[in-house]
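Source file my_file_26.txt; content: compact mmCIF, C-alpha atoms.
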```txt
# COMPACT_ATOMS: atom_id res chain seq x y z
CA LYS Y 736 79.65 -30.32 442.29
CA VAL Y 737 80.18 -28.38 445.53
CA TRP Y 738 81.82 -30.45 448.27
CA ALA Y 739 81.68 -29.38 451.89
CA SER Y 740 84.85 -31.28 452.84
CA VAL Y 741 88.20 -30.66 451.17
CA ASP Y 742 89.51 -33.95 452.56
CA ASP Y 743 86.64 -35.83 450.90
CA ALA Y 744 87.12 -33.97 447.63
CA VAL Y 745 90.71 -35.27 447.24
CA LYS Y 746 89.95 -38.82 448.40
CA ASP Y 747 90.13 -40.29 444.89
CA VAL Y 748 93.71 -39.14 444.22
CA LYS Y 749 95.79 -42.32 444.20
CA SER Y 750 99.45 -43.31 444.15
CA GLY Y 751 101.10 -42.94 440.75
CA ASP Y 752 98.69 -40.24 439.51
CA VAL Y 753 99.82 -37.35 437.32
CA LEU Y 754 98.81 -34.24 439.27
CA LEU Y 755 98.48 -30.93 437.41
CA CYS Y 756 98.99 -28.03 439.81
CA GLY Y 757 98.00 -24.55 438.68
CA GLY Y 758 99.87 -21.38 439.63
CA PHE Y 759 102.76 -19.14 438.67
CA GLY Y 760 105.12 -18.25 441.50
CA LEU Y 761 102.71 -17.93 444.42
CA ALA Y 762 99.77 -16.60 442.36
CA GLY Y 763 96.89 -19.00 441.85
CA ILE Y 764 98.39 -21.78 443.96
CA PRO Y 765 95.78 -24.35 445.16
CA ASP Y 766 97.25 -24.68 448.65
CA THR Y 767 93.91 -25.66 450.22
CA LEU Y 768 93.75 -28.79 448.07
CA LEU Y 769 97.46 -29.52 448.33
CA GLY Y 770 97.27 -29.27 452.11
CA ALA Y 771 94.51 -31.87 452.18
CA LEU Y 772 96.46 -34.22 449.92
CA ALA Y 773 99.61 -33.76 452.02
CA LYS Y 774 97.74 -35.34 454.94
CA ARG Y 775 97.24 -38.56 452.97
CA SER Y 776 100.67 -40.11 453.47
CA GLU Y 777 99.55 -43.36 451.81
CA VAL Y 778 99.42 -41.57 448.44
CA GLN Y 779 102.92 -41.91 447.00
CA ASP Y 780 104.93 -41.67 443.79
CA LEU Y 781 102.92 -38.81 442.32
CA THR Y 782 104.10 -36.95 439.23
CA GLY Y 783 103.63 -33.25 439.86
CA VAL Y 784 103.24 -31.02 436.79
CA SER Y 785 103.53 -27.30 437.47
CA ASN Y 786 105.36 -24.19 436.31
CA ASN Y 787 107.71 -24.49 439.27
CA ALA Y 788 108.41 -26.80 442.20
CA GLY Y 789 106.74 -24.69 444.84
CA ALA Y 790 108.42 -22.70 447.59
CA GLY Y 791 108.74 -23.72 451.22
CA ASP Y 792 105.37 -25.13 452.29
CA SER Y 793 103.45 -23.75 449.32
CA GLY Y 794 102.59 -25.32 445.97
CA LEU Y 795 104.29 -28.59 445.15
CA GLY Y 796 106.63 -27.78 448.04
CA LYS Y 797 103.97 -29.27 450.34
CA LEU Y 798 104.22 -32.64 448.62
CA ILE Y 799 108.01 -32.48 448.37
CA ASN Y 800 108.17 -31.97 452.13
CA THR Y 801 105.95 -35.02 452.71
CA LYS Y 802 107.92 -37.11 450.17
CA GLN Y 803 104.81 -37.91 448.11
CA LEU Y 804 106.31 -36.90 444.76
CA GLY Y 805 108.39 -39.27 442.65
CA LYS Y 806 108.79 -36.87 439.72
CA ILE Y 807 108.29 -33.25 438.80
CA VAL Y 808 107.61 -31.88 435.31
CA ALA Y 809 108.33 -28.14 435.41
CA SER Y 810 109.99 -25.21 433.68
CA TYR Y 811 111.50 -23.50 436.75
CA PRO Y 812 112.19 -25.98 439.56
CA GLY Y 813 115.38 -24.34 440.84
CA GLY Y 814 113.50 -21.86 443.04
CA ASN Y 815 112.84 -24.67 445.52
CA LYS Y 816 116.17 -25.53 447.12
CA ALA Y 817 114.73 -28.59 448.88
CA PHE Y 818 113.71 -30.05 445.52
CA GLU Y 819 117.03 -29.10 443.93
CA ALA Y 820 118.92 -30.95 446.67
CA LEU Y 821 116.75 -34.07 446.24
CA TYR Y 822 117.24 -34.06 442.47
CA LEU Y 823 121.01 -33.63 442.66
CA LYS Y 824 121.19 -36.50 445.19
CA GLY Y 825 119.20 -38.83 442.94
CA GLU Y 826 116.15 -38.94 445.19
CA ILE Y 827 113.55 -37.50 442.79
CA SER Y 828 113.07 -37.31 439.01
CA LEU Y 829 112.82 -34.15 436.90
CA GLU Y 830 111.58 -33.51 433.39
CA LEU Y 831 112.67 -29.97 432.60
CA VAL Y 832 110.41 -28.34 430.00
CA PRO Y 833 110.55 -24.82 428.50
CA GLN Y 834 107.69 -22.81 429.95
CA GLY Y 835 105.72 -22.19 426.77
CA THR Y 836 106.15 -25.79 425.69
CA LEU Y 837 104.84 -26.94 429.08
CA ALA Y 838 101.68 -24.87 428.66
CA GLU Y 839 101.19 -26.12 425.10
CA ARG Y 840 101.78 -29.80 426.01
CA ILE Y 841 99.02 -29.49 428.61
CA ARG Y 842 96.71 -27.61 426.24
CA ALA Y 843 97.31 -30.16 423.47
CA HIS Y 844 95.97 -33.10 425.46
CA ALA Y 845 92.96 -31.02 426.52
CA ALA Y 846 92.22 -30.47 422.82
CA GLY Y 847 92.75 -34.11 421.82
CA ILE Y 848 96.12 -33.51 420.12
CA PRO Y 849 98.69 -36.25 420.95
CA ALA Y 850 101.82 -34.31 419.92
CA PHE Y 851 102.97 -31.20 418.06
CA TYR Y 852 106.07 -29.66 416.50
CA THR Y 853 107.62 -26.53 417.97
CA PRO Y 854 110.82 -24.56 417.28
CA THR Y 855 111.36 -24.13 421.01
CA GLY Y 856 114.36 -26.14 422.18
CA ALA Y 857 115.56 -27.18 418.72
CA SER Y 858 119.35 -27.70 418.61
CA THR Y 859 119.60 -27.35 422.40
CA ALA Y 860 119.74 -29.67 425.40
CA VAL Y 861 115.97 -30.04 425.02
CA GLU Y 862 116.36 -31.83 421.69
CA ASP Y 863 119.47 -33.75 422.75
CA GLY Y 864 118.02 -34.94 426.06
CA ALA Y 865 121.19 -33.74 427.74
CA ILE Y 866 119.66 -33.16 431.18
CA ALA Y 867 119.19 -36.33 433.20
CA VAL Y 868 115.70 -37.18 434.40
CA ARG Y 869 117.18 -38.89 437.46
CA TYR Y 870 120.61 -39.54 438.93
CA LYS Y 871 121.57 -42.75 440.65
CA PRO Y 872 121.41 -42.87 444.47
CA GLY Y 873 124.35 -40.82 445.65
CA GLY Y 874 123.83 -38.08 443.12
CA MET Y 875 125.66 -36.75 440.08
CA SER Y 876 128.95 -38.43 440.94
CA ALA Y 877 127.23 -41.85 440.91
CA GLY Y 878 126.00 -41.37 437.34
CA VAL Y 879 122.67 -41.21 435.53
CA GLU Y 880 119.86 -43.63 436.35
CA ILE Y 881 117.23 -42.28 433.92
CA PRO Y 882 118.70 -40.35 430.95
CA GLY Y 883 117.18 -37.23 429.47
CA ILE Y 884 114.41 -37.56 426.90
CA LYS Y 885 115.64 -37.08 423.34
CA LYS Y 886 113.27 -35.38 420.91
CA GLU Y 887 112.49 -36.30 417.34
CA SER Y 888 113.17 -33.38 415.00
CA CYS Y 889 112.43 -32.34 411.45
CA GLU Y 890 112.79 -29.34 409.16
CA ILE Y 891 109.70 -27.49 407.96
CA ASN Y 892 110.03 -24.57 405.53
CA GLY Y 893 113.73 -24.34 406.26
CA ARG Y 894 113.37 -24.24 410.03
CA LYS Y 895 114.10 -26.94 412.58
CA TYR Y 896 111.36 -28.19 414.92
CA VAL Y 897 111.17 -30.78 417.69
CA LEU Y 898 108.26 -33.10 418.36
CA GLU Y 899 106.70 -32.66 421.81
CA PRO Y 900 104.19 -35.13 423.28
CA ALA Y 901 101.05 -33.95 425.04
CA ILE Y 902 100.86 -34.30 428.83
CA ALA Y 903 97.83 -36.15 430.17
CA GLY Y 904 96.75 -35.40 433.73
CA ASP Y 905 94.85 -37.71 436.02
CA VAL Y 906 93.93 -34.93 438.46
CA ALA Y 907 94.09 -31.13 438.30
CA PHE Y 908 94.19 -28.88 441.37
CA ILE Y 909 93.09 -25.33 440.52
CA ARG Y 910 92.53 -22.13 442.51
CA GLU Y 911 90.31 -19.38 441.19
CA TRP Y 912 88.47 -16.30 442.37
CA LYS Y 913 84.73 -16.74 441.71
CA MET Y 914 82.87 -19.88 440.64
CA ASP Y 915 79.21 -20.75 440.44
CA GLU Y 916 77.80 -24.08 441.56
CA VAL Y 917 78.05 -25.70 438.12
CA GLY Y 918 81.67 -24.66 437.51
CA ASN Y 919 81.52 -21.48 435.42
CA CYS Y 920 84.30 -19.26 436.71
CA VAL Y 921 86.00 -15.87 436.67
CA PHE Y 922 89.71 -15.41 437.40
CA ARG Y 923 91.39 -12.26 438.67
CA TYR Y 924 94.37 -10.86 436.78
CA THR Y 925 97.25 -13.34 436.26
CA ALA Y 926 96.00 -15.96 438.71
CA GLN Y 927 94.71 -18.05 435.81
CA ASN Y 928 98.24 -18.64 434.35
CA PHE Y 929 98.48 -22.45 433.79
CA SER Y 930 95.14 -23.16 435.48
CA THR Y 931 92.92 -22.78 432.41
CA VAL Y 932 94.66 -25.44 430.32
CA MET Y 933 95.11 -27.72 433.33
CA ALA Y 934 91.43 -27.62 434.24
CA LYS Y 935 90.52 -28.64 430.70
CA ASN Y 936 93.10 -31.44 430.64
CA ALA Y 937 92.58 -33.74 433.62
CA LYS Y 938 90.23 -36.68 434.13
CA LEU Y 939 89.30 -35.19 437.51
CA THR Y 940 89.41 -31.41 437.98
CA ILE Y 941 89.01 -30.07 441.52
CA VAL Y 942 88.76 -26.31 442.04
CA GLU Y 943 89.16 -24.35 445.25
CA ALA Y 944 87.22 -21.12 444.83
CA GLU Y 945 87.55 -17.99 446.93
CA LYS Y 946 83.88 -17.21 446.24
CA VAL Y 947 81.27 -19.89 445.47
CA VAL Y 948 78.16 -18.17 444.12
CA PRO Y 949 74.70 -19.36 443.01
CA VAL Y 950 74.02 -20.35 439.42
CA GLY Y 951 73.19 -17.26 437.38
CA SER Y 952 75.52 -14.98 439.35
CA ILE Y 953 78.16 -14.98 436.59
CA SER Y 954 77.36 -13.40 433.24
CA PRO Y 955 77.98 -15.73 430.28
CA ASN Y 956 80.10 -12.91 428.86
CA ARG Y 957 82.39 -12.96 431.90
CA SER Y 958 83.03 -16.68 432.35
CA THR Y 959 86.67 -17.70 431.81
CA TRP Y 960 85.66 -21.27 431.05
CA PRO Y 961 82.40 -23.27 431.06
CA GLY Y 962 81.54 -25.62 433.88
CA ILE Y 963 81.94 -28.72 431.71
CA TYR Y 964 85.60 -28.87 432.75
CA VAL Y 965 84.97 -28.87 436.51
CA ASP Y 966 84.12 -31.97 438.56
CA ARG Y 967 84.40 -30.82 442.18
CA ILE Y 968 84.36 -27.43 443.90
CA VAL Y 969 85.53 -26.61 447.44
CA GLN Y 970 85.89 -23.41 449.42
CA ALA Y 971 89.43 -21.99 449.34
CA THR Y 972 90.77 -21.38 452.86
CA SER Y 973 94.53 -20.89 452.38
CA PRO Y 974 95.76 -17.27 452.36
CA LYS Y 975 97.14 -15.68 449.21
CA LYS Y 976 100.80 -14.60 449.22
CA ILE Y 977 103.06 -12.32 447.20
CA GLU Y 978 106.44 -13.76 446.25
CA PHE Y 979 108.42 -10.58 445.48
CA VAL Y 980 107.23 -7.17 446.65
CA THR Y 981 108.63 -4.16 444.80
CA LEU Y 982 107.01 -0.78 445.38
CA ALA Y 983 106.99 2.45 443.39
CA THR Y 984 109.68 4.84 444.61
CA SER Y 985 107.48 7.96 444.38
CA GLY Y 986 110.48 9.93 443.15
CA ALA Y 987 112.57 9.17 446.23
CA LYS Y 988 116.31 9.42 445.84
CA GLU Y 989 118.41 6.26 445.80
CA ASP Y 990 119.62 5.08 449.17
CA THR Y 991 123.23 6.24 449.41
CA SER Y 992 123.83 4.34 452.62
CA VAL Y 993 124.15 0.94 450.93
CA MET Y 994 127.43 -0.95 451.01
CA PRO Y 995 129.83 -0.18 448.12
CA GLU Y 996 129.50 -3.73 446.76
CA LYS Y 997 125.73 -3.46 446.58
CA ALA Y 998 125.92 0.00 445.05
CA ALA Y 999 128.26 -1.33 442.36
CA ALA Y 1000 125.87 -4.20 441.63
CA GLN Y 1001 122.94 -1.78 441.34
CA ALA Y 1002 124.94 0.41 438.97
CA GLN Y 1003 125.80 -2.62 436.83
CA ARG Y 1004 122.15 -3.67 436.66
CA ARG Y 1005 121.15 -0.21 435.52
CA TYR Y 1006 123.93 -0.15 432.92
CA ILE Y 1007 122.64 -3.43 431.45
CA ALA Y 1008 119.06 -2.15 431.50
CA ARG Y 1009 120.10 1.09 429.79
CA ARG Y 1010 121.88 -0.89 427.06
CA ALA Y 1011 118.93 -3.22 426.54
CA ALA Y 1012 116.59 -0.24 426.19
CA LYS Y 1013 118.49 0.83 423.05
CA GLU Y 1014 117.10 -2.25 421.25
CA ILE Y 1015 113.51 -1.08 421.66
CA GLN Y 1016 111.73 1.03 419.08
CA ASP Y 1017 108.51 3.01 419.24
CA GLY Y 1018 105.40 0.82 419.07
CA PHE Y 1019 107.19 -2.42 419.97
CA HIS Y 1020 105.53 -5.17 421.96
CA VAL Y 1021 108.13 -6.20 424.53
CA ASN Y 1022 108.18 -9.23 426.80
CA LEU Y 1023 109.89 -8.48 430.11
CA GLY Y 1024 111.09 -11.15 432.51
CA ILE Y 1025 111.06 -10.43 436.22
CA GLY Y 1026 113.99 -8.82 438.00
CA MET Y 1027 116.49 -6.71 436.09
CA PRO Y 1028 114.42 -6.50 432.85
CA THR Y 1029 111.75 -4.51 434.70
CA LEU Y 1030 114.26 -1.63 434.93
CA VAL Y 1031 114.39 -1.28 431.13
CA PRO Y 1032 111.31 0.99 430.70
CA GLU Y 1033 113.03 3.65 432.82
CA TYR Y 1034 115.66 4.07 430.10
CA LEU Y 1035 113.55 4.19 426.95
CA ALA Y 1036 114.40 7.06 424.64
CA PRO Y 1037 112.06 10.10 424.70
CA GLY Y 1038 109.01 9.51 422.54
CA VAL Y 1039 109.35 5.72 422.54
CA ARG Y 1040 106.06 4.13 423.61
CA VAL Y 1041 105.81 0.37 424.02
CA TRP Y 1042 103.42 -2.38 425.05
CA LEU Y 1043 104.89 -4.45 427.88
CA GLN Y 1044 103.95 -8.14 428.00
CA SER Y 1045 104.48 -10.54 430.90
CA GLU Y 1046 104.58 -14.27 430.26
CA ASN Y 1047 102.13 -14.99 433.09
CA GLY Y 1048 99.36 -13.27 431.17
CA ILE Y 1049 99.54 -9.45 430.90
CA LEU Y 1050 99.66 -7.17 427.89
CA GLY Y 1051 99.78 -3.56 429.01
CA MET Y 1052 101.87 -3.92 432.15
CA GLY Y 1053 102.27 -0.71 434.12
CA PRO Y 1054 104.76 0.52 436.74
CA TYR Y 1055 105.39 -0.87 440.21
CA PRO Y 1056 102.49 -0.37 442.64
CA THR Y 1057 102.20 1.71 445.75
CA GLU Y 1058 101.67 -0.20 448.97
CA LYS Y 1059 97.90 0.40 448.68
CA GLN Y 1060 97.89 -1.10 445.17
CA LEU Y 1061 99.53 -4.41 446.15
CA ASP Y 1062 97.57 -7.42 444.88
CA ALA Y 1063 98.55 -11.10 445.23
CA ASP Y 1064 96.85 -11.99 441.94
CA PHE Y 1065 99.50 -10.24 439.86
CA GLY Y 1066 102.00 -13.09 439.89
CA LYS Y 1067 105.61 -13.42 440.99
CA GLU Y 1068 106.42 -9.71 441.10
CA THR Y 1069 104.16 -6.78 441.93
CA VAL Y 1070 103.02 -4.63 439.00
CA THR Y 1071 100.05 -2.49 437.95
CA LEU Y 1072 98.00 -2.37 434.75
CA LEU Y 1073 97.62 0.39 432.21
CA PRO Y 1074 94.05 1.41 431.25
CA SER Y 1075 94.47 -0.47 427.93
CA ALA Y 1076 95.68 -3.74 429.51
CA SER Y 1077 94.33 -7.21 428.79
CA MET Y 1078 94.70 -10.54 430.62
CA PHE Y 1079 95.04 -14.11 429.38
CA ASP Y 1080 96.42 -17.51 430.37
CA SER Y 1081 99.95 -18.91 429.94
CA SER Y 1082 99.11 -20.81 426.77
CA GLU Y 1083 97.88 -17.62 425.09
CA SER Y 1084 100.89 -15.71 426.37
CA PHE Y 1085 103.40 -18.05 424.82
CA ALA Y 1086 101.39 -18.36 421.61
CA MET Y 1087 101.99 -14.61 421.22
CA ILE Y 1088 105.70 -15.14 421.72
CA ARG Y 1089 106.13 -18.30 419.70
CA GLY Y 1090 103.97 -16.90 416.91
CA GLY Y 1091 106.27 -13.91 416.43
CA HIS Y 1092 103.83 -11.26 417.66
CA ILE Y 1093 106.32 -10.01 420.28
CA ASP Y 1094 109.12 -7.82 418.91
CA VAL Y 1095 111.69 -8.16 421.71
CA ALA Y 1096 112.02 -10.39 424.76
CA ILE Y 1097 114.34 -9.35 427.59
CA LEU Y 1098 115.19 -11.96 430.20
CA GLY Y 1099 117.34 -11.87 433.30
CA VAL Y 1100 119.50 -14.67 434.71
CA ARG Y 1101 121.57 -14.73 437.89
CA GLY Y 1102 124.16 -17.19 436.68
CA PHE Y 1103 124.53 -20.65 435.23
CA SER Y 1104 123.81 -24.00 436.84
CA VAL Y 1105 122.40 -27.36 435.84
CA PHE Y 1106 118.94 -25.77 435.87
CA LEU Y 1107 119.92 -22.94 433.52
CA ARG Y 1108 121.29 -25.08 430.72
CA VAL Y 1109 117.79 -25.05 429.35
CA CYS Y 1110 116.68 -21.53 430.20
CA LYS Y 1111 113.42 -19.97 429.19
CA SER Y 1112 115.13 -18.04 426.42
CA HIS Y 1113 114.74 -21.13 424.24
CA ALA Y 1114 111.05 -20.22 424.14
CA TYR Y 1115 111.95 -16.96 422.47
CA ASN Y 1116 114.43 -18.17 419.86
CA ASN Y 1117 112.31 -16.82 417.01
CA ILE Y 1118 112.12 -13.24 418.32
CA PRO Y 1119 114.33 -10.48 416.92
CA GLY Y 1120 116.46 -8.87 419.60
CA ASN Y 1121 116.20 -11.80 422.02
CA GLY Y 1122 119.92 -11.59 422.70
CA SER Y 1123 119.68 -8.06 424.04
CA CYS Y 1124 119.65 -9.26 427.65
```

Is it possible to express this structure as structure tokens?
Amino acid sequence: KVWASVDDAVKDVKSGDVLLCGGFGLAGIPDTLLGALAKRSEVQDLTGVSNNAGAGDSGLGKLINTKQLGKIVASYPGGNKAFEALYLKGEISLELVPQGTLAERIRAHAAGIPAFYTPTGASTAVEDGAIAVRYKPGGMSAGVEIPGIKKESCEINGRKYVLEPAIAGDVAFIREWKMDEVGNCVFRYTAQNFSTVMAKNAKLTIVEAEKVVPVGSISPNRSTWPGIYVDRIVQATSPKKIEFVTLATSGAKEDTSVMPEKAAAQAQRRYIARRAAKEIQDGFHVNLGIGMPTLVPEYLAPGVRVWLQSENGILGMGPYPTEKQLDADFGKETVTLLPSASMFDSSESFAMIRGGHIDVAILGVRGFSVFLRVCKSHAYNNIPGNGSC
């Protein structure tokens, strides 16, 4: 299964394929494989399935820059401004999917399940198909070329659900930490995110491994998945990156030299965080989005102890790291782990949320745009306190 040449390993990817691309933010991005595919300009009209649309020349951004993608299926594409511009001009298609639903649609096909019902997105633009898949050439003002996808719905036990089809991948590109020569693997921290379900889904799964080790080097008790899901293995050569670096303050005082406008914005953020903290009770399991929600633990009432969960696969999230503790395998924003922490993939993370095991979810948004009409909060619409952000 081990291939010496990355270029040879991707040679069977063909135009029109559905490409599953692992990663969350910049963690676990298979840039070695994507770089090799980006050199094959004859491969066109790919459908890229990923949590986001990449950033710059990383992730699906590589294939956006080479104009090899005809469509993206993602939950957070707006972070790539190049993609956003193409979509709004009618030059690429988009299927916008709530993040937990995306993970489950991929997992479903891997498990032989053609479709499933979920409460996520019911009675929203997800159900109505209100967001266009593609605009006509010329953009929004020219009208819709491919309308949004309406969902079938039904009521079960007094609650509304929408029917979501499984996503079938032709090829999966995965990055992981350690893999033996038959495909048994071990991930580090949150780098597994969407990669586990994607590897199990595709007809052809290609993994770039940071460490390729001999058979027998990985304990059966440590393997994240068995080698049956892996077809080809190559050596990872692309560097790992951290998307947002936030360091522990070590008790330093706030910078009083900032401009008044920025100081006012910081004060407003802390006011919102302080208010959100009042919704949290002792013993709660709390999902925190990145950004402003990460301030909330600073304002918990004395004696209130909580378990912090991150959607990219952490339960037991700790404070911001020192510079020495920085690690690119912790996802979009730098964090640490508590001694009692556990790690899991994105499908497991959202099963916790969708299944009602999380008491409160706190999300942050910057504003509203076409990409925020279906925000991730739809994935949390069964959680008490989800309006506290």

Residue neighbourhood Y:Val917, 10 Å, only C-alpha atoms, exclusion window fewer than 4 positions, as a CSV table (one decimal) with C-alpha atoms, keeping the file's coordinate frame:
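Output (out.csv):
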```csv
chain,number,residue,atom,x,y,z
Y,736,LYS,CA,79.6,-30.3,442.3
Y,737,VAL,CA,80.2,-28.4,445.5
Y,947,VAL,CA,81.3,-19.9,445.5
Y,948,VAL,CA,78.2,-18.2,444.1
Y,949,PRO,CA,74.7,-19.4,443.0
Y,950,VAL,CA,74.0,-20.4,439.4
Y,951,GLY,CA,73.2,-17.3,437.4
Y,961,PRO,CA,82.4,-23.3,431.1
Y,962,GLY,CA,81.5,-25.6,433.9
Y,963,ILE,CA,81.9,-28.7,431.7
Y,964,TYR,CA,85.6,-28.9,432.8
Y,965,VAL,CA,85.0,-28.9,436.5
Y,966,ASP,CA,84.1,-32.0,438.6
Y,967,ARG,CA,84.4,-30.8,442.2
Y,968,ILE,CA,84.4,-27.4,443.9
```

### Shell around Y:Val1031 at 12 Å using all atoms listed in the file, local window under 4 positions removed, as number ranges by chain
Y: 1004-1015, 1021-1027, 1035-1036, 1041, 1043, 1054, 1095-1099, 1123-1124

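Counting from atom CA of Y:Pro900, the distance to atom CA of Y:Thr940 is 21.2 Å.
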
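Between atom CA of Y:Leu1072 and atom CA of Y:Ala1086 the interatomic distance comes to 21.0 Å.
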
### Task
Show which residues sit within 10 Å of Y:Ser740, as a PyMOL selection string. Count only C-alpha atoms, and ignore same-chain residues fewer than 3 positions away.
chain Y and resi 737+743-745+771+968-970

Do a neighbour search on stretch 887-894 of chain Y at 9 Å with all atoms listed in the file, toss out local chain neighbours closer than 4 positions, and write the hits as a CSV table (one decimal) with C-alpha atoms, keeping the file's coordinate frame.
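Here's the written file part_3.csv:
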```csv
chain,number,residue,atom,x,y,z
Y,852,TYR,CA,106.1,-29.7,416.5
Y,854,PRO,CA,110.8,-24.6,417.3
Y,857,ALA,CA,115.6,-27.2,418.7
Y,862,GLU,CA,116.4,-31.8,421.7
Y,898,LEU,CA,108.3,-33.1,418.4
Y,899,GLU,CA,106.7,-32.7,421.8
```

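Put simply, atom CA of Y:Ala788 is 26.7 Å away from atom CA of Y:Gly847.
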
Return as JSON the box centre and box size in Å, one decimal, for an axis-aligned box around all listed atoms of stretch 1006-1010 of chain Y padded by 8 Å per side.
```
{"center_x": 121.5, "center_y": -1.2, "center_z": 430.0, "size_x": 20.9, "size_y": 20.5, "size_z": 21.9}
```

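Using only C-alpha atoms for every distance, the candidate list Y:Ala934, Y:Val993, Y:Val980, Y:Val921 yields Y:Val921 as the residue closest to Y:Ile953.
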
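Proximity of Y:Phe922, Y:Thr801, Y:Ile902, Y:Lys824 to Y:Ile848, computed with only C-alpha atoms, is greatest for Y:Ile902.
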
### Query
Could you name the residues that touch Y:Leu755 at 9 Å or less, counting only C-alpha atoms, but leaving out those on the same chain fewer than 5 positions away, as a VMD selection string?
chain Y and resid 782 to 785 841 903 to 909 930 933 to 934 936 to 937

File dump, residues just selected, C-alpha atoms, as a CSV table (one decimal), in the frame of the given file:
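Output (result31.csv):
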```
chain,number,residue,atom,x,y,z
Y,782,THR,CA,104.1,-37.0,439.2
Y,783,GLY,CA,103.6,-33.2,439.9
Y,784,VAL,CA,103.2,-31.0,436.8
Y,785,SER,CA,103.5,-27.3,437.5
Y,841,ILE,CA,99.0,-29.5,428.6
Y,903,ALA,CA,97.8,-36.2,430.2
Y,904,GLY,CA,96.8,-35.4,433.7
Y,905,ASP,CA,94.8,-37.7,436.0
Y,906,VAL,CA,93.9,-34.9,438.5
Y,907,ALA,CA,94.1,-31.1,438.3
Y,908,PHE,CA,94.2,-28.9,441.4
Y,909,ILE,CA,93.1,-25.3,440.5
Y,930,SER,CA,95.1,-23.2,435.5
Y,933,MET,CA,95.1,-27.7,433.3
Y,934,ALA,CA,91.4,-27.6,434.2
Y,936,ASN,CA,93.1,-31.4,430.6
Y,937,ALA,CA,92.6,-33.7,433.6
```

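Distances here use all atoms listed in the file; by that measure, the residue among Y:Ala845, Y:Ile884, Y:Val897, Y:Ala944 closest to Y:Asp766 is Y:Ala944.
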
### Query
From the set Y:Arg957, Y:Lys746, Y:His844, Y:Lys802, which residue has the shortest atom-to-atom contact distance to Y:Lys938, counting all atoms listed in the file?
Y:His844

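Using only C-alpha atoms, the nearest neighbour of Y:Lys1067 within the list Y:Asp1080, Y:Glu839, Y:Glu996, Y:Glu1046 is Y:Glu1046.
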
### Query
For Y:Leu982, which residue out of Y:Pro1056, Y:Gly791, Y:Gly918, Y:Gly873 is the nearest one, using only C-alpha atoms?
Y:Pro1056

### Message
Using all atoms listed in the file - which residues lie no farther than 9 Å from the point (99.0, -37.9, 445.7) in the file's frame? Write them as an MDAnalysis selection string.
### Response
chainID Y and resid 745 748:754 769 772:773 775:783 798 803:804

### Task
List every protein, DNA or RNA residue that has an atom no more than 7 Å from (105.4, -15.9, 439.9) in the file's coordinate frame, counting all atoms listed in the file, and report them as number ranges by chain.
Y: 759-762, 978, 1066-1068
